[in-house]
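Below is one structure, written out as structure tokens, with a few remarks after it.
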Amino acid sequence: MRQAQSLLVQAFCEPTSVAFLEEPQWDLLIRQARRADLLARLCARLGQYGSLARAPARARNHLDSARIAADQHATTVRWEVRCLKRALSGIELPVILLKGAAYLLADLPPAQGRLFYDVDILVPKVRLDEVERALRKHGWSFMHLDAYDQRYYRTWMHELPPLQHLRRRSVVDVHHRILPETASLKPDAEKMLSASEPLEEMGGVHVLTPSHMVLHSAAHLFHDGELEHGLCDLADLDALFRHFGKMPSFWDELIDSARELDLMRPLYYALRYTTRVFATPVPGRVIDTSKKSAPRVVGKRCMDALFTRGLAPDHESCNDSFSGLARWLLYVRSHYLRMPLYLLIPHLVRKAVRRQFKE
Amino acid sequence: MKVSSLSQEQLRQSLSGAGLNFRIGGFVFRIRSSLAAVIDGLALLYADYPLAPHNEFADFHVEVRRPHGPRRWFRPQVLFFFDGRPWFKPLPLKHALAMLEWGLNWCVYGHVNQYLIIHGAVVEKDGYAAIFPGGPGVGKSTLCAGLVARGWRLLSDELVLVSTADGRIAPLPRPVSLKNDSIELIERFYPDAVIGPRIAATEKGTIAHLRPPADSVARAEEYAQPGWVIFPAYESGAATQLTTQPKGLGFMRAARGTFNYHVLGLAGFQALANLIDTCRCFKLIYSDLDDAVAHIARLEPPSVATRKASAP
């Protein structure tokens, strides 16, 4: 079973190897990629290596279709960023982009064939009310109007409840911290904010510095997310490491920033799993330094067992008998990291009960 | 090999085992189900469809089965699985065949961007396609079945696939989904029709599926030139009116009824603009099927119509 998993990852790592795939393997590759939300990226990747022509015609159609949808996502996000810029210019605040939108606007490799579901921005916490008012004035409104949801986000989370534009239906997540208020790691968002760099091509729009961008992505994948798009996020990290790793000062800055921001543990995970899954080139000294922040032996074994499963495509061909349990434990872990148990348990019970009623 | 060349028992075994690769238009669907209603439905409605070898690339892997847990027995339900994962809300078990049909539609309109996909029916005669855009309730399926009964080739009763590469219409012949009164109407209108079991009390009322003619299935890879775009509206008791639809309005109406116009961006606009440009556009109000079909049969293809218009 484990062998089949490598079909998608292998196609990513060695795009030219797809030349040797038979039709049933292409069938499986497309399904794994679709499930992992990586179909359009696979298309971009195969395209870069001239391997698209190796795909059987009907497999090629699926790759192209996904690419067309991803291109449209990109166009939409560019437009959204312009709209956000206009909305925030009234309060003289730059738009600081995070994650996907940042990769796209800064023209970074992970943007190739990436799918976007919403735009994430970072704002100073002291200006949060102003930002909220400005966005609402320009047509965004909260999707969750339920008092409990509002309180949950505002008291405990690192972002406002998602805001959706009334006409365009696009969603923006307004972050004011890196991790939830209640999380045990407490990276200082102000440092990322003040170091953010304006984009040359578009005034009034900023992105994080390379090392902050990587750390933010790592913190989200390993300390916040529910790993729904785990492999996708790991592929982002791989692409960022490969891209920024060519700059001589990057690795030292990365370690320094991780120490300064209390994000050594997520960085350790990011390095461990990108190198393991995608064979990302990372200098040995960086790996050695990061290992000092690894969990202890037992913890490390456990996390390896969980993450190797959680970061695989959630497809029957990649799952073994522990995959379901591993995903569930990672889900519990993500919540546990977000908030202490005395807050978490009532929250999860409430969520479960409400889901029952909705059905 | 065709579906009809398998015995009922062979069909049951394959479908409830690893599944069978159905070749439908330009796609291969791997379908699995051990539900009797689905197996019987496929045996009847898909008898003429070719089967692709098991090791051929399948575009979509689908399964229709009952859920685990209490709803397997208590007011039993059915689920549609897309590549091993349940999609859509469960439906009553009795709607299994209808759910498969809806699921197969979604596979195409939710994933395929080589075509601009218009919600509507489309039939062909002498190489030209007549396109009937419209959502549920406008009478497009009835009209489509009526035209098929009078010798038109069925391309699709639900999804019009307009190639973004060359503007031609790709066939996706599948059973025509007849609703409520139109089931009896078609039974009378088309005595040779093979119609599947009536499925009562669905979201759209009672449904029954009309088996596509063998010729339509056999010619499923033969594209058609777009000829006419006709916006149908069924109005009880109305006399047939087939009137010209201004092209600008036709474009807007057709765009509203597409699945992926917004995804295709510029390519979508160009495909639709080209379609509306090449086609003659009409509005059809009808209540008498025979008369409506006769009106449509008298329409001249765009090339002939243009030649006449430009003649001195």
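Convention: chains lettered A, B, ... in structure tokens order; per-chain residue numbering from 1; ligands numbered from 1 as shown.
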Handout entry: All residues 8 Å or closer to B:Ala145, only C-alpha atoms, same chain fewer than 5 positions away omitted, as number ranges by chain
Key = B: 176, 186, 210
Practice task
When you get a sec, could you note down which chain A residues fall within 6 Å of chain B, using only C-alpha atoms, as a list in words?
Solution key: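 The answer, sorted by residue number, is Glu23, Pro24, Asp27, Ser65, Ala69 and Gln72 of chain A.
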Practice task
Excluding B:Gln270 and any residue of its chain fewer than 3 positions from it, enumerate the residues within 12 Å of it, using only C-alpha atoms, and give them as a list in words.
Solution key: Tyr115, Leu116, Val162, Ser163, Thr164, Ala165, Asp166, Gly167, Phe251, Ala255, Tyr261, Leu264, Gly265, Leu266, Ala267, Ala273, Asn274, Leu275, Ile276 and Asp277 of chain B
Store the residues picked out above in a file with C-alpha atoms, as an mmCIF file, in the first residue's frame.
data_model
loop_
_atom_site.group_PDB
_atom_site.id
_atom_site.type_symbol
_atom_site.label_atom_id
_atom_site.label_comp_id
_atom_site.auth_asym_id
_atom_site.auth_seq_id
_atom_site.Cartn_x
_atom_site.Cartn_y
_atom_site.Cartn_z
ATOM 1 C CA TYR B 115 -15.631 22.569 -23.108
ATOM 2 C CA LEU B 116 -17.894 25.420 -22.253
ATOM 3 C CA VAL B 162 -19.047 23.327 -26.655
ATOM 4 C CA SER B 163 -15.418 22.640 -27.527
ATOM 5 C CA THR B 164 -13.241 25.642 -26.692
ATOM 6 C CA ALA B 165 -10.783 24.391 -29.319
ATOM 7 C CA ASP B 166 -13.031 24.471 -32.394
ATOM 8 C CA GLY B 167 -16.543 25.430 -31.278
ATOM 9 C CA PHE B 251 -25.738 35.451 -25.342
ATOM 10 C CA ALA B 255 -24.209 32.583 -20.308
ATOM 11 C CA TYR B 261 -18.338 30.183 -17.981
ATOM 12 C CA LEU B 264 -12.966 29.522 -18.437
ATOM 13 C CA GLY B 265 -12.563 33.297 -18.401
ATOM 14 C CA LEU B 266 -11.703 34.672 -21.837
ATOM 15 C CA ALA B 267 -11.882 31.239 -23.488
ATOM 16 C CA ALA B 273 -19.660 34.495 -28.514
ATOM 17 C CA ASN B 274 -18.599 32.236 -31.371
ATOM 18 C CA LEU B 275 -21.488 29.862 -30.685
ATOM 19 C CA ILE B 276 -24.072 32.627 -30.679
ATOM 20 C CA ASP B 277 -22.492 34.195 -33.784
#
Exercise for the section: Find the spatial neighbours of A:Tyr336, counting only C-alpha atoms, within a cut-off of 10 Å - ignore same-chain residues fewer than 4 positions away - and output them as a PyMOL selection string. Expected result: chain A and resi 182-184+223-224+330-332+340-341+343-345
Exercise for the section: Check the smallest atom-to-atom distance from each of A:Leu46, A:Ile68, A:Ile96, A:Leu38 to A:Asp236 using only C-alpha atoms, then report the winner. Expected result: A:Leu38
Problem - One-decimal distance in Å that lies between atom CA of B:Asp181 and atom CA of B:Pro232 - result: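 Separating atom CA of B:Pro232 from atom CA of B:Asp181 is a distance of 17.1 Å.
Residue nearest A:Cys43 within the list A:Trp328, A:Phe12, A:Tyr273, A:Phe20: A:Phe12 [criterion: smallest interatomic distance, only C-alpha atoms].
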Practice task
Work out how far atom CA of B:Asp192 is from atom CA of B:Ala36, in Å to one decimal.
Solution key: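 Value for the atom CA of B:Ala36-atom CA of B:Asp192 distance: 25.2 Å.
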Exercise for the section: Within 9 Å of B:Leu155, counting only C-alpha atoms, which residues show up once you throw out same-chain ones fewer than 4 positions away? Write them as a ChimeraX atom specification, please. Expected result: /B:25,121-124,129,159-160,169-174,216-217,220,223-224
Let's have the selection written as a short mmCIF file (atom, residue, chain, number, x, y, z; two decimals), in the first residue's frame, with C-alpha atoms.
data_model
loop_
_atom_site.label_atom_id
_atom_site.label_comp_id
_atom_site.auth_asym_id
_atom_site.auth_seq_id
_atom_site.Cartn_x
_atom_site.Cartn_y
_atom_site.Cartn_z
CA GLY B 25 -19.06 10.02 -25.28
CA ALA B 121 -30.42 19.60 -24.23
CA VAL B 122 -28.89 19.14 -27.65
CA VAL B 123 -29.83 17.02 -30.68
CA GLU B 124 -28.42 16.79 -34.20
CA ALA B 129 -26.91 20.68 -33.61
CA LEU B 159 -25.05 19.05 -20.78
CA VAL B 160 -24.14 20.88 -23.98
CA ILE B 169 -20.51 20.23 -29.98
CA ALA B 170 -19.24 17.02 -28.34
CA PRO B 171 -21.90 14.37 -27.79
CA LEU B 172 -22.51 12.96 -24.33
CA PRO B 173 -25.47 10.71 -25.03
CA ARG B 174 -27.08 9.46 -21.85
CA SER B 216 -26.93 7.91 -30.95
CA VAL B 217 -24.78 5.78 -28.67
CA ALA B 220 -21.06 9.22 -29.62
CA TYR B 223 -19.08 15.94 -33.15
CA ALA B 224 -21.71 18.29 -34.59
#
Exercise for the section: Check the smallest atom-to-atom distance from each of B:Gly41, B:Gly137, B:Gly120, B:Gly196 to B:Ile230 using only C-alpha atoms, then report the winner. Expected result: B:Gly120
Handout entry: DSSP strand (DSSP E or B) selection over stretch 112-146 of chain A, as a PyMOL selection string
Key = chain A and resi 119-122+140-142
The selected residues should be written to file as an mmCIF file, in the first residue's frame (atoms: N, CA and C atoms).
data_model
loop_
_atom_site.group_PDB
_atom_site.id
_atom_site.type_symbol
_atom_site.label_atom_id
_atom_site.label_comp_id
_atom_site.auth_asym_id
_atom_site.auth_seq_id
_atom_site.Cartn_x
_atom_site.Cartn_y
_atom_site.Cartn_z
ATOM 1 N N VAL A 119 -8.446 34.810 0.579
ATOM 2 C CA VAL A 119 -7.264 35.662 0.682
ATOM 3 C C VAL A 119 -7.011 35.913 2.167
ATOM 4 N N ASP A 120 -5.759 35.720 2.608
ATOM 5 C CA ASP A 120 -5.416 35.966 4.005
ATOM 6 C C ASP A 120 -4.576 37.229 4.097
ATOM 7 N N ILE A 121 -4.956 38.106 5.022
ATOM 8 C CA ILE A 121 -4.154 39.312 5.233
ATOM 9 C C ILE A 121 -3.818 39.444 6.715
ATOM 10 N N LEU A 122 -2.732 40.167 6.988
ATOM 11 C CA LEU A 122 -2.290 40.395 8.361
ATOM 12 C C LEU A 122 -2.406 41.880 8.667
ATOM 13 N N TRP A 140 -17.882 43.762 2.391
ATOM 14 C CA TRP A 140 -17.660 42.459 3.009
ATOM 15 C C TRP A 140 -18.547 42.318 4.243
ATOM 16 N N SER A 141 -18.973 41.094 4.513
ATOM 17 C CA SER A 141 -19.740 40.901 5.747
ATOM 18 C C SER A 141 -19.429 39.523 6.320
ATOM 19 N N PHE A 142 -19.720 39.341 7.595
ATOM 20 C CA PHE A 142 -19.364 38.084 8.247
ATOM 21 C C PHE A 142 -20.235 36.932 7.763
#
Practice task
Determine which residues of stretch 50-232 of chain A DSSP labels as helix (DSSP H, G or I) from the backbone of this structure, then write them out as JSON, numbers by chain.
Solution key: {"A": [52, 53, 54, 57, 58, 59, 60, 61, 62, 63, 64, 65, 66, 67, 68, 69, 70, 71, 72, 73, 74, 75, 76, 77, 78, 79, 80, 81, 82, 83, 84, 85, 86, 87, 88, 89, 99, 100, 101, 102, 103, 104, 105, 109, 110, 111, 125, 126, 127, 128, 129, 130, 131, 132, 133, 134, 135, 136, 137, 147, 148, 149, 150, 151, 152, 153, 154, 155, 156, 189, 190, 191, 192, 193, 194, 195, 210, 211, 212, 213, 214, 215, 216, 217, 218, 219, 220, 221, 222, 223, 230, 231, 232]}
Dump as a CSV table (one decimal), in the first residue's frame, selection limited to C-alpha atoms:
chain,number,residue,atom,x,y,z
A,52,LEU,CA,3.1,16.7,-20.1
A,53,ALA,CA,3.3,15.2,-23.5
A,54,ARG,CA,3.9,11.9,-21.8
A,57,ALA,CA,-4.8,12.1,-23.8
A,58,ARG,CA,-7.5,11.7,-21.3
A,59,ALA,CA,-5.2,12.1,-18.3
A,60,ARG,CA,-3.9,15.2,-20.0
A,61,ASN,CA,-7.4,16.6,-20.2
A,62,HIS,CA,-7.8,16.4,-16.4
A,63,LEU,CA,-4.5,18.1,-15.8
A,64,ASP,CA,-5.4,20.8,-18.3
A,65,SER,CA,-8.9,21.3,-16.8
A,66,ALA,CA,-7.4,21.7,-13.3
A,67,ARG,CA,-4.9,24.2,-14.7
A,68,ILE,CA,-7.6,26.2,-16.3
A,69,ALA,CA,-9.5,26.4,-13.0
A,70,ALA,CA,-6.3,27.3,-11.1
A,71,ASP,CA,-5.5,30.1,-13.6
A,72,GLN,CA,-9.0,31.5,-13.0
A,73,HIS,CA,-8.4,31.3,-9.2
A,74,ALA,CA,-5.2,33.4,-9.7
A,75,THR,CA,-7.0,36.0,-11.8
A,76,THR,CA,-9.7,36.3,-9.2
A,77,VAL,CA,-7.2,36.6,-6.3
A,78,ARG,CA,-5.3,39.4,-8.2
A,79,TRP,CA,-8.6,41.3,-8.5
A,80,GLU,CA,-9.5,40.7,-4.9
A,81,VAL,CA,-6.2,42.1,-3.8
A,82,ARG,CA,-6.8,45.2,-5.7
A,83,CYS,CA,-10.2,45.5,-4.1
A,84,LEU,CA,-8.7,45.0,-0.6
A,85,LYS,CA,-6.1,47.6,-1.4
A,86,ARG,CA,-8.8,50.1,-2.3
A,87,ALA,CA,-10.7,49.3,0.9
A,88,LEU,CA,-7.8,49.7,3.2
A,89,SER,CA,-6.3,52.7,1.5
A,99,LYS,CA,0.0,32.4,2.2
A,100,GLY,CA,-1.3,31.7,-1.3
A,101,ALA,CA,-2.1,35.3,-2.3
A,102,ALA,CA,1.4,36.4,-1.2
A,103,TYR,CA,3.0,33.7,-3.3
A,104,LEU,CA,0.9,34.7,-6.3
A,105,LEU,CA,1.5,38.5,-6.0
A,109,PRO,CA,7.1,29.3,-7.3
A,110,PRO,CA,4.4,27.8,-5.0
A,111,ALA,CA,1.9,29.9,-6.8
A,125,LYS,CA,-4.1,44.2,16.3
A,126,VAL,CA,-4.6,47.8,17.4
A,127,ARG,CA,-6.2,48.6,14.0
A,128,LEU,CA,-8.5,45.6,13.9
A,129,ASP,CA,-11.7,47.5,14.5
A,130,GLU,CA,-10.8,50.1,11.8
A,131,VAL,CA,-10.1,47.3,9.4
A,132,GLU,CA,-13.3,45.6,10.1
A,133,ARG,CA,-15.3,48.8,9.6
A,134,ALA,CA,-13.4,49.6,6.3
A,135,LEU,CA,-14.1,46.1,4.9
A,136,ARG,CA,-17.7,46.2,5.9
A,137,LYS,CA,-18.1,49.6,4.3
A,147,ALA,CA,-23.0,34.8,18.6
A,148,TYR,CA,-21.0,31.8,19.7
A,149,ASP,CA,-18.9,31.8,16.5
A,150,GLN,CA,-18.2,35.5,16.8
A,151,ARG,CA,-17.1,35.1,20.4
A,152,TYR,CA,-15.0,32.0,19.6
A,153,TYR,CA,-13.1,33.8,16.9
A,154,ARG,CA,-12.7,37.1,18.8
A,155,THR,CA,-11.7,35.7,22.1
A,156,TRP,CA,-9.5,32.8,21.2
A,189,ALA,CA,3.0,39.1,14.8
A,190,GLU,CA,4.2,42.7,15.2
A,191,LYS,CA,7.7,41.7,14.2
A,192,MET,CA,6.5,40.1,11.0
A,193,LEU,CA,4.4,43.1,10.3
A,194,SER,CA,7.1,45.7,10.8
A,195,ALA,CA,9.6,43.7,8.7
A,210,PRO,CA,11.4,35.2,3.0
A,211,SER,CA,12.2,33.7,6.4
A,212,HIS,CA,8.9,35.0,8.0
A,213,MET,CA,7.0,33.7,5.0
A,214,VAL,CA,8.4,30.2,5.6
A,215,LEU,CA,7.9,30.3,9.3
A,216,HIS,CA,4.3,31.5,8.9
A,217,SER,CA,3.6,28.6,6.5
A,218,ALA,CA,5.3,26.1,8.9
A,219,ALA,CA,3.4,27.4,11.9
A,220,HIS,CA,0.1,27.0,10.1
A,221,LEU,CA,0.8,23.6,8.8
A,222,PHE,CA,2.2,22.0,11.9
A,223,HIS,CA,0.6,24.0,14.8
A,230,GLY,CA,-1.4,18.8,4.3
A,231,LEU,CA,0.6,17.6,1.3
A,232,CYS,CA,-0.4,20.8,-0.6
